[in-house]
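Worksheet for the structure shown next.
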Amino acid sequence: MMVGSLAVHQNLYLITPSNNPIQWSEQRPREQQQASCIPSLNQIKTIEEFKQVHAHFFKLGLDQVPRHASELLSVCALSQWGDMDYARLIFDDIDQPCAYDFNTMIRAHVKDCDPDAAVRYYKEMLERDTLPNNFTYPFVLKACAQLLGEKEGAQIHGQAIKFGLETDIYIQNSLINMYGKCGEMKSSSKVFDLAGTNKTIASWSALLAAYARNGQWNECLNLFMTMNNEGWRADETSMVSALTSCSHAGAFDLGRSIHCSLLRNISEPDITSQTALIDMYCNCGRLEKGLDIFERMKIKNVWTYSVMISGLAMHGDGEGALQIYSRMLKQGLEPNEVVYVGVLNACSHAGLLKEGLQCFDRMRFEHRIKPTLLHYNCMVDLMGRAGKLEEAHKLIKEMQVEPDEVTWRCLLSACKVHGNFELAEIAHRKLLKLNSQNTGDCISLSNMYAQAKRWEDAAKIRKDIANRGLSQAPGISRVEVKGKMHTFVSHDWSHPQSYEVYEMLYQMEWQLRFEGYSPDVSQVPANVDDKEKRQMLSANSHKLALAFALLNTGNGSKILIVSNIRMSRECHEYTALISQIFNREISVKDRQRFHHFKQGQCSCRGYW
C-alpha cells in the first residue's frame, strides 16, 4: 500500500523520507533482538564502514527485509560518502523494489548529475508496475531539466496528469523549472498560471529564474514587481534572478532597491547574492559600489573573482582586473576558462598587449587550460585593437579550433579602425563563406569604402545587402528615469514625450554648433548631400535617449544609457561635448564596454 512517498512493508513498518523507520504497534521479538545488534546507519562516515555494517545485515538476513533494504539503499546512495555502484548492487538485490526505492535511485542519480540514469530508473519503475508518487516527479523532472529534454519532460508531465498528481504544487514548481531550463517559456508560464492560489514563493522563484535564464529581462523584472505588489516576500533566490535582470537591463534604481530589500530581510546574504550584487552594480555603471561589496566579502569563490574581473574589464580598467586576478591566485584559487575570458577581455579593452600575451601563455602552460573559441576571439580582438593585424590573422590560421563569425568580425572591426583594406576584404569573404546574416559585417566594409571615397565599392556592398535580403537590426537605446526604463530607436516618435524630446535635441544641436561642433558624415553610406546626412545622424536612438534623460533628470544626477550596438565615433564625440556643456556625468554601455563621460573626457581615452 502506498501513502504519498511512504511505503508500508508487510503491514509492519513505515519508511519515512527522513530514512528513519517508524514501528507499528507490533514487532517480532527475534527481529528486535537482531536489530539491536546493528549499529546505527546514521553514524557511518565512510563507504568502508558501511560495507562492514552491510555485511552484518546480510549475515542476519535483514538485507531482504524491505524496511532494512530501503534504509541501506538510501544511506548508500544519498550520503556524501556514498557509492552509486554499490548502491546499484543493493537495489538489484531487492526482489520487489517499492516506490521509495525507485525514488531513492532517481534522486541519487540527479544528485550525481547522471540524469540519463535517473530517467532510466523512472522508466523501469513504470515497466515493473510500481506506482509513482508525488515524491517521484520533482526528481525525474529535475533530471529532464539537466538533460534539457523538453520532449521527455512533456511526456512525464502527461504521466503525472494521468496519475492525478498535476495539482501537487511541488510537481508544478518542478515543471515550471524544467520547462524554463528547456527554453519553453510559454509552457513554464502556463503551469505557473494553472497553479492559481496554490502558488508558493518557490513558484514565483522558479518562473523568475526561467525568465532570467532565457534572457527575458523585462519579463523577469515585471514579474518581480507583480510578486511584490501582491504581497509576496521575495526570497534570496528570487532576488538573485531580479538582480541578474537588472544587470542586463541597466535598471540601476530597481537593482538598488532590491539591494536594500536584501539587507532588510536577509541577515547574512550568501555568496551567490553578493556576487549578483557586484555584477548588477558593475553592469549599471557603478563600478566603485561593486568593488566596495567585493572588498567587504569575507569569503570569495572563483565565480566572485570572475564577475569582478569581468566588471573591471567592461569599464576599461585592465590593470585593476589583473590585480584582482593576482589576488585570486594568491588566495590559492584555481582560475577556470571563464576567469581567463574576463582577463583577456580586460587586456583587450585597456590595450595591454604584452600582459594579454603573457596571460594567454600562462593559461595554456601553467594552468593547463585548453583555449576555447572564446579565448582565441579575445586574443584576435586584443591584437587587432593594438594594430597587430598580421599577427592576428596568423593566429586565426593557427587556431586549434575552427574560427567562427565572431573571430572574423573581430578582425574586420580592427581593419576598419586601422584602415587595412586587404585583410578587411579577406575577413568579409570568410564571413560570406560562413553565410553570416549580420548586416553589420557588410556595413563595416561599406563604411570603409565610403570613408576612402570608393563610392562604387561601397554601393556594390549595399547592393549585395539588398540582393541577399538582409536587414539591419535597429539600434536601440534604453535609459532609466525614476525607476522606469524608456526605450528609443532612431527617428522615434512613439514616446509620449516625443515633442519635448525633439525640442531638447534641437537645443543640444544649437549649443553644439555654437561650440564649433560639426558631425562626421564621412561614414554615412548614402548618395545624398551633407545636409541630409547630418539629418540622418541627428536623431539616432542614442541621442534621443540622451535628450530624454537631460530633460527628465535633475542637475548633478548621473545618466546611464544602454545600447545594443557599438558606439560610433560620431556619437562618442557628441556625448563628450554634451557632458561638458551640460556639466553632467554620462555613462554609456554599448555592446562591448562602458564609456564614462565627464567634463568632455571619456574613461576609454579614445581607445575602444
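Residues in the C-alpha cells are named by chain (A, B, ... in the order shown) and by number from 1 within that chain; ligands are numbered from 1 in the order shown.
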
Name all residues at most 12 Å from A:Met504 (count only C-alpha atoms; drop same-chain ones fewer than 6 positions away) and give them as a list in words. Gln497, Ser498, Trp510, Gln511, Ser538, Ala539, Lys543, Leu544, Ala545, Leu546, Ala547, Phe548, Ala549, Leu550, Leu551 and Asn552 of chain A

At most 12 Å is the cut-off: for each residue in stretch 402-514 of chain A with any atom that close to an atom of stretch 578-592 of chain A, write down the nearest atom pair and the distance in Å rounded to one decimal, counting only C-alpha atoms, chain first then increasing number, as a Markdown table.
```
| residue | atom | partner | partner_atom | distance |
| --- | --- | --- | --- | --- |
| A:Cys410 | CA | A:Gln592 | CA | 11.6 |
| A:Gly475 | CA | A:Asp590 | CA | 10.5 |
| A:Ile476 | CA | A:Asp590 | CA | 10.1 |
| A:Ser477 | CA | A:Asp590 | CA | 9.0 |
| A:Arg478 | CA | A:Lys589 | CA | 9.8 |
| A:Val479 | CA | A:Val588 | CA | 9.7 |
| A:Glu480 | CA | A:Ser587 | CA | 12.0 |
| A:Leu505 | CA | A:Ile578 | CA | 11.0 |
| A:Gln507 | CA | A:Ile578 | CA | 11.1 |
| A:Met508 | CA | A:Ile578 | CA | 7.6 |
| A:Glu509 | CA | A:Ile578 | CA | 9.5 |
| A:Trp510 | CA | A:Ile578 | CA | 11.4 |
| A:Gln511 | CA | A:Ile581 | CA | 7.9 |
| A:Leu512 | CA | A:Ile578 | CA | 7.7 |
| A:Arg513 | CA | A:Ile578 | CA | 11.5 |
| A:Phe514 | CA | A:Ile581 | CA | 10.6 |
```

Calculate how many Å separate atom CA of A:Val380 from atom CA of A:Thr407, rounding to one decimal.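 Interatomic distance here is 7.0 Å.
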
Please give the complete set of residues from stretch 269-408 of chain A that DSSP, run on the backbone, assigns to alpha helix (DSSP H), formatted as a ChimeraX atom specification. /A:271-283,287-296,302-314,318-330,337-350,353-361,373-385,389-398,405-408

One-decimal distance in Å that lies between atom CA of A:Lys186 and atom CA of A:Ala249: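 About the pair atom CA of A:Ala249 and atom CA of A:Lys186: they are 21.6 Å apart.
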
Mind running stretch 218-291 of chain A against stretch 302-326 of chain A at 10 Å and telling me each contacting residue's nearest atom pair with the distance in Å (one decimal), counting only C-alpha atoms, chain and number ascending, as a tab-separated table?
```
residue	atom	partner	partner_atom	distance
A:Ile271	CA	A:Thr304	CA	7.9
A:Thr272	CA	A:Thr304	CA	8.2
A:Gln274	CA	A:Thr304	CA	8.3
A:Thr275	CA	A:Thr304	CA	5.4
A:Ala276	CA	A:Val307	CA	8.5
A:Ile278	CA	A:Met308	CA	7.0
A:Asp279	CA	A:Val307	CA	6.1
A:Met280	CA	A:Gly311	CA	9.4
A:Tyr281	CA	A:Gly311	CA	8.8
A:Cys282	CA	A:Gly311	CA	5.3
A:Asn283	CA	A:Gly311	CA	7.0
A:Gly285	CA	A:His315	CA	8.1
A:Arg286	CA	A:His315	CA	9.8
A:Leu287	CA	A:Gly311	CA	7.2
A:Glu288	CA	A:Leu312	CA	9.9
A:Gly290	CA	A:Met308	CA	7.7
A:Leu291	CA	A:Met308	CA	7.4
```

From a DSSP pass on the backbone, collect the residues of stretch 356-521 of chain A flagged as strand (DSSP E or B) and hand them back as a PyMOL selection string. chain A and resi 476-481+484-489

Requested write-out: C-alpha atoms of the selected residues, as a short mmCIF file (atom, residue, chain, number, x, y, z; two decimals), in the first residue's frame:
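Generated output (selection09.cif):
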```
data_model
loop_
_atom_site.label_atom_id
_atom_site.label_comp_id
_atom_site.auth_asym_id
_atom_site.auth_seq_id
_atom_site.Cartn_x
_atom_site.Cartn_y
_atom_site.Cartn_z
CA ILE A 476 18.08 50.50 -29.53
CA SER A 477 19.00 52.73 -26.61
CA ARG A 478 17.47 52.46 -23.15
CA VAL A 479 17.61 54.86 -20.24
CA GLU A 480 16.17 54.54 -16.73
CA VAL A 481 14.36 57.53 -15.25
CA LYS A 484 11.20 53.11 -15.26
CA MET A 485 13.03 52.01 -18.41
CA HIS A 486 12.46 54.05 -21.58
CA THR A 487 13.40 52.64 -24.99
CA PHE A 488 14.24 54.60 -28.14
CA VAL A 489 15.03 53.74 -31.76
#
```
